[in-house]
Structure formats: C-alpha cells, structure tokens
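Q: The structure that follows is given in the form of structure tokens.
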Amino acid sequence: MTVHGILVPNQIAATNVDAWNRSAVSATAVDNGNVVILSTYGAATGNSEVWTAIAPSTSNGLTGVWMVYDPELVWTSSYRGLDPDVRNFYVGANKVFSIFHPQIHDIITLSTNAIATGTGAASTHINCTDASGLQLEWANSIGSSVFAAKYLKTTYFSIGTGAMDTQRIVAYEFEVVAL
Amino acid sequence: MAYGVLIPKAIAASNVDSWVRPAICTTLPVENGSVFSLLTKSATTGEGEVWTALVPASSGSHLTDVWMAYEPELVMTGSYRGLDPDVRNFINPVNKVFTAFKPQLHDILLMSEDCFSGAWGGVTNTHANCTNAGWQLVWGTSQTASVLSVAYLKTDYISIATGAMDTQRLTAYTVEVVGL
C-alpha cells in the first residue's frame with residue numbers, strides 16, 4: 001500500500017491570515033505537503049469559490065505555489081475516520097481540499113514520503129522543480145526563481161507504526177526561504 | 001451618480017492590524033475601492049494617527065505600495081448618516097477621516113463596475129492597473145509592471161436594491177491582487 005506524505009505546519013502565517021487559505025480541487029490525487037499552482041477560479045458549477053489546482057512545472061510556474069494541507073481523515077471505502085494511520089491519507093481526485101499560501105520564514109515539517117528523492121534526504125534545500133511535479137525535491141542548493149525551503153533538522157512524527165520498539169517515523173523540518 | 005462598491009472577499013488586512021490605517025483626503029471625495037498613496041501623516045491637530053491620501057503618481061514610483069479605501073457605507077444625507085440604504089450613493093467626503101487597507105498579493109476583491117475607470121470591455125481585459133493621476137484602477141490587456149495590479153477572475157454581481165423590476169443585481173468583478 002502506498003504510504004503518503006505527512007505535513008505538520010509548525011509555524012505558518014496562514015494560521016492567522018484567512019486570505020492565505022483557499023479551497024482547491026485537482027484532477028489527480030494529492031498528498032498533504034504537495035505544492036500546486038492555481039489555474040482557474042470557480043470553474044465548476046457549485047464550486048464558485050474553489051480553485052483548480054495543477055502541478056507546478058516550467059510552463060505552469062514554479063513560484064507562487066500553494067501547499068496542500070487537509071485534515072487527515074482517511075477514506076476506508078465509503079467511510080472516513082475508521083483508519084487512524086495518517087500515512088494512509090491523501091485527497092482523492094476531484095475532491096475539494098484545503099490549501100495555504102506559504103510565506104517566507106514559515107516552518108514546516110514533512111515526512112520522507114512527502115519529498116522527491118533528488119539529491120537525497122537531508123540535503124540543504126527542497127525546491128519546486130519541473131521534474132518533481134507536485135512534490136518538492138531535495139537539492140544541494142536553493143533553486144533559482146522557484147519556491148524553496150531550507151533544511152533545518154531531521155526529526156520525527158509519533159505515529160502508531162505497529163513496530164515493537166518505536167512508534168516514530170522520520171521527518172524533516174524546513175524553513176520557507178523563497179516564494 | 002453611482003459610486004463604487006467594494007466587498008473584500010478575502011484580504012490579509014482582515015487579520016493584520018498594521019495593514020489598516022485611517023486616512024483623509026483634503027482635495028476631493030474618495031470612493032471605496034479607490035487607490036492612493038499614504039506618504040505623510042496629516043498635519044492637522046487631532047489627526048496625529050491619520051495619513052494623508054494622495055493620488056497615485058508616476059513620479060517617485062508611487063504607483064506601487066498604494067492603499068485602498070474601504071469604509072462602512074453609511075451614506076450622508078444632509079447632516080445625517082444611514083438614512084439612505086443604497087450603498088451606491090456612498091462616498092467618503094473631502095476632509096473626513098476614512099479607513100484604508102493595504103492590499104496584499106492574492107487578496108480577493110469583489111468590485112462593482114463603478115470602482116473602475118471605464119468599462120470592463122470583455123475578457124481581453126485581463127487586468128486592472130494603477131495609473132498615473134488615477135484614483136481608480138484602469139482595465140488593460142496585461143499586467144503593468146511595478147504597479148498595483150489586479151487580475152480579472154470572473155464577472156459577478158452584488159445584490160443591491162436597484163429599483164429594477166426584474167433584477168436587484170449590480171454587475172461586479174471578482175479580481176485577485178497580483179502586483180503590489
């Protein structure tokens with residue numbers, strides 16, 4: 001079973017600024033911690049306040065991204081909330097989800113699965129790249145004119161993993177340094 | 001005459017006090033949705049915290065960093081306020097203190113067509129920009145660099161008692177701030 005990304009927004013300005021929170025919908029499934037570009041506004045009937053989210057790319061843009069952060073209520077068939085493991089959570093295609101607009105100096109923590117491999121874990125930065133699509137990608141330097149976050153430290157999330165000795169999974173703390 | 005009607009649907013200034021200021025204009029009345037520079041504070045006694053609103057000007061690059069008028073629509077009727085319920089008749093009188101906010105990137109605004117200089121003119125007019133000596137944003141086919149600019153998102157309406165038989169809606173435009 002696919003393990004999905006986990007995001008903990010440690011300190012984000014969007015917590016206090018309502019205008020930096022929006023609703024979006026995507027034609028493909030998304031994980032928390034994914035970054036998206038907003039294309040059209042209110043395109044679907046009944047969704048007049050919902051933005052259409054698409055993957056960042058060179059043509060769609062690698063700056064001005066928004067980040068997916070929806071409450072982790074896992075779908076189990078037609079039911080939500082039966083599965084307590086947040087690693088199983090993702091937003092299905094064409095389902096409305098919450099996003100926020102990261103600001104410089106926001107602190108976020110992402111699990112391993114939320115980040116594309118790139119130059120490998122615990123590199124100096126994660127960048128928005130054409131190749132990595134919805135995920136930010138590990139890199140050894142900040143990208144030029146792209147959304148980027150600086151690696152701060154390796155940490156963990158406490159989750160019921162089922163393991164005998166530890167209930168922790170690896171995660172990484174970042175500071176947003178470029179929009 | 002109908003004045004501009006502004007509904008700030010999602011603005012950062014709703015949550016950030018320092019992006020809201022009292023302002024005054026000593027030269028002419030100011031409609032809600034108008035943009036202006038706040039470069040100096042009022043020199044009038046008793047207005048120590050009030051800023052003087054100046055028309056945006058190219059000189060000194062004052063087409064950026066502009067503020068927008070947004071005051072509760074209590075229409076003046078003679079010496080009285082609140083007798084006239086039609087918000088289209090509201091304007092901030094000259095030499096009266098009103099409220100201004102600082103637009104931020106990604107703010108969403110709903111502005112009646114009277115807020116703009118000239119008619120929208122169709123989907124080719126993708127942006128409205130701050131221009132020299134203009135209190136109102138001006139529709140254009142592109143975003144002007146280095147000025148306050150909003151992107152057209154959709155044509156909408158504001159429900160107001162217009163007096164018409166068939167509709168009580170006023171044409172408005174939903175826009176997103178894309179340049180400061």
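Numbering starts fresh at 1 for the residues of each chain in the structure tokens, the chains themselves are lettered A, B, ... in the order given, and ligands are numbered from 1 as they appear.
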With the cut-off set at 10 Å and counting only C-alpha atoms, tabulate each residue of chain A with an atom at most that distance from an atom of chain B, showing the nearest atom pair and its distance in Å to one decimal, ordered by chain and increasing number, as a Markdown table.

A:
```
| residue | atom | partner | partner_atom | distance |
| --- | --- | --- | --- | --- |
| A:Ala14 | CA | B:Ala12 | CA | 9.3 |
| A:Asn16 | CA | B:Asn15 | CA | 6.5 |
| A:Val17 | CA | B:Asn15 | CA | 5.4 |
| A:Asp18 | CA | B:Ala12 | CA | 6.7 |
| A:Ala19 | CA | B:Ala10 | CA | 4.6 |
| A:Trp20 | CA | B:Ala12 | CA | 7.2 |
| A:Asn21 | CA | B:Ala10 | CA | 9.0 |
| A:Arg22 | CA | B:Ala10 | CA | 9.4 |
| A:Thr40 | CA | B:Leu153 | CA | 7.8 |
| A:Tyr41 | CA | B:Leu153 | CA | 6.5 |
| A:Gly42 | CA | B:Lys154 | CA | 8.4 |
| A:Ala43 | CA | B:Lys154 | CA | 9.6 |
| A:Ser48 | CA | B:Lys154 | CA | 10.0 |
| A:Gly64 | CA | B:His106 | CA | 9.5 |
| A:His101 | CA | B:His106 | CA | 8.9 |
```

Q: Give me the residues near segment 83-100 of chain B as a PyMOL selection string, where near means some atom within 7 Å (using only C-alpha atoms) and where sequence neighbours in that chain fewer than 4 positions away do not count.

A: chain B and resi 2-5+20-32+67-71+73-75+77

Q: Just the selected residues (C-alpha atoms), exported as a PDB file, in the first residue's frame, please.

A:
```pdb
ATOM      1  CA  ALA B   2     -23.346  55.759  -8.621  1.00  0.00           C
ATOM      2  CA  TYR B   3     -20.147  55.281  -6.692  1.00  0.00           C
ATOM      3  CA  GLY B   4     -18.013  52.173  -6.457  1.00  0.00           C
ATOM      4  CA  VAL B   5     -18.981  49.326  -4.146  1.00  0.00           C
ATOM      5  CA  VAL B  20      -5.269  49.041   8.165  1.00  0.00           C
ATOM      6  CA  ARG B  21      -4.947  52.818   8.585  1.00  0.00           C
ATOM      7  CA  PRO B  22      -7.121  55.911   8.952  1.00  0.00           C
ATOM      8  CA  ALA B  23      -6.731  58.326   6.051  1.00  0.00           C
ATOM      9  CA  ILE B  24      -8.037  61.681   4.908  1.00  0.00           C
ATOM     10  CA  CYS B  25      -8.142  63.433   1.574  1.00  0.00           C
ATOM     11  CA  THR B  26      -8.079  67.204   1.551  1.00  0.00           C
ATOM     12  CA  THR B  27      -8.740  67.719  -2.134  1.00  0.00           C
ATOM     13  CA  LEU B  28     -11.726  65.630  -3.159  1.00  0.00           C
ATOM     14  CA  PRO B  29     -14.106  62.853  -2.025  1.00  0.00           C
ATOM     15  CA  VAL B  30     -12.839  59.276  -2.229  1.00  0.00           C
ATOM     16  CA  GLU B  31     -14.905  56.262  -3.288  1.00  0.00           C
ATOM     17  CA  ASN B  32     -14.493  52.842  -1.737  1.00  0.00           C
ATOM     18  CA  TRP B  67      -3.628  51.630  -0.251  1.00  0.00           C
ATOM     19  CA  MET B  68      -7.336  51.134  -0.938  1.00  0.00           C
ATOM     20  CA  ALA B  69     -10.359  52.887   0.571  1.00  0.00           C
ATOM     21  CA  TYR B  70     -12.848  50.711   2.400  1.00  0.00           C
ATOM     22  CA  GLU B  71     -15.182  52.491   4.785  1.00  0.00           C
ATOM     23  CA  GLU B  73     -21.215  52.547   3.638  1.00  0.00           C
ATOM     24  CA  LEU B  74     -23.207  54.958   5.772  1.00  0.00           C
ATOM     25  CA  VAL B  75     -24.484  57.429   3.221  1.00  0.00           C
ATOM     26  CA  THR B  77     -27.981  62.720   3.641  1.00  0.00           C
TER      27      THR B  77
END
```

Q: Find the residues near Ser37 of chain B: any atom within 7 Å, counting only C-alpha atoms, skip ones fewer than 4 places away on the same chain, and give them as a PDB file with N, CA and C atoms, in the first residue's frame.

A:
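Result file result_17.pdb:
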```pdb
ATOM      1  N   ALA B  53      -4.128  61.044   2.103  1.00  0.00           N
ATOM      2  CA  ALA B  53      -4.244  60.277   0.859  1.00  0.00           C
ATOM      3  C   ALA B  53      -3.904  61.162  -0.328  1.00  0.00           C
ATOM      4  N   LEU B  54      -2.981  60.670  -1.150  1.00  0.00           N
ATOM      5  CA  LEU B  54      -2.562  61.394  -2.354  1.00  0.00           C
ATOM      6  C   LEU B  54      -2.813  60.527  -3.569  1.00  0.00           C
ATOM      7  N   VAL B  55      -3.189  61.161  -4.647  1.00  0.00           N
ATOM      8  CA  VAL B  55      -3.430  60.405  -5.873  1.00  0.00           C
ATOM      9  C   VAL B  55      -2.143  59.708  -6.299  1.00  0.00           C
ATOM     10  N   PRO B  56      -2.213  58.446  -6.751  1.00  0.00           N
ATOM     11  CA  PRO B  56      -1.010  57.751  -7.215  1.00  0.00           C
ATOM     12  C   PRO B  56      -0.343  58.529  -8.351  1.00  0.00           C
ATOM     13  N   HIS B  62       5.280  56.088  -7.175  1.00  0.00           N
ATOM     14  CA  HIS B  62       4.169  55.953  -6.239  1.00  0.00           C
ATOM     15  C   HIS B  62       2.940  55.301  -6.854  1.00  0.00           C
ATOM     16  N   VAL B  66       0.475  51.207  -2.850  1.00  0.00           N
ATOM     17  CA  VAL B  66      -0.711  52.036  -2.637  1.00  0.00           C
ATOM     18  C   VAL B  66      -1.695  51.340  -1.702  1.00  0.00           C
ATOM     19  N   TRP B  67      -2.605  52.109  -1.172  1.00  0.00           N
ATOM     20  CA  TRP B  67      -3.628  51.630  -0.251  1.00  0.00           C
ATOM     21  C   TRP B  67      -4.989  51.763  -0.924  1.00  0.00           C
TER      22      TRP B  67
END
```

Q: Extract the full set of strand (DSSP E or B) residues from segment 4-178 of chain A according to DSSP on the backbone, and format it as an MDAnalysis selection string.

A: chainID A and resid 7:11 21:26 30 35:41 50:54 57 61 66:68 75:76 79:80 91 97:100 107:111 115:116 125:128 136:139 148:158 168:178

Q: Restricting the calculation to only C-alpha atoms, which member of A:Ile115, A:Lys153, A:Met67, A:Thr2 is positioned closest to Gln135 of chain A?

A: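 Checking each candidate against Gln135 of chain A, we get A:Ile115 as the closest.
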
Q: Per residue of segment 33-86 of chain A within 12 Å of segment 154-174 of chain A, record the nearest atom pair and its distance in Å to one decimal, counting only C-alpha atoms, with rows in chain order and ascending residue number, as JSON lines.

A:
```
{"residue": "A:Gly33", "atom": "CA", "partner": "A:Phe174", "partner_atom": "CA", "distance": 11.9}
{"residue": "A:Asp83", "atom": "CA", "partner": "A:Gly160", "partner_atom": "CA", "distance": 11.3}
{"residue": "A:Pro84", "atom": "CA", "partner": "A:Gly160", "partner_atom": "CA", "distance": 8.5}
{"residue": "A:Asp85", "atom": "CA", "partner": "A:Gly160", "partner_atom": "CA", "distance": 7.0}
{"residue": "A:Val86", "atom": "CA", "partner": "A:Ile159", "partner_atom": "CA", "distance": 8.0}
```
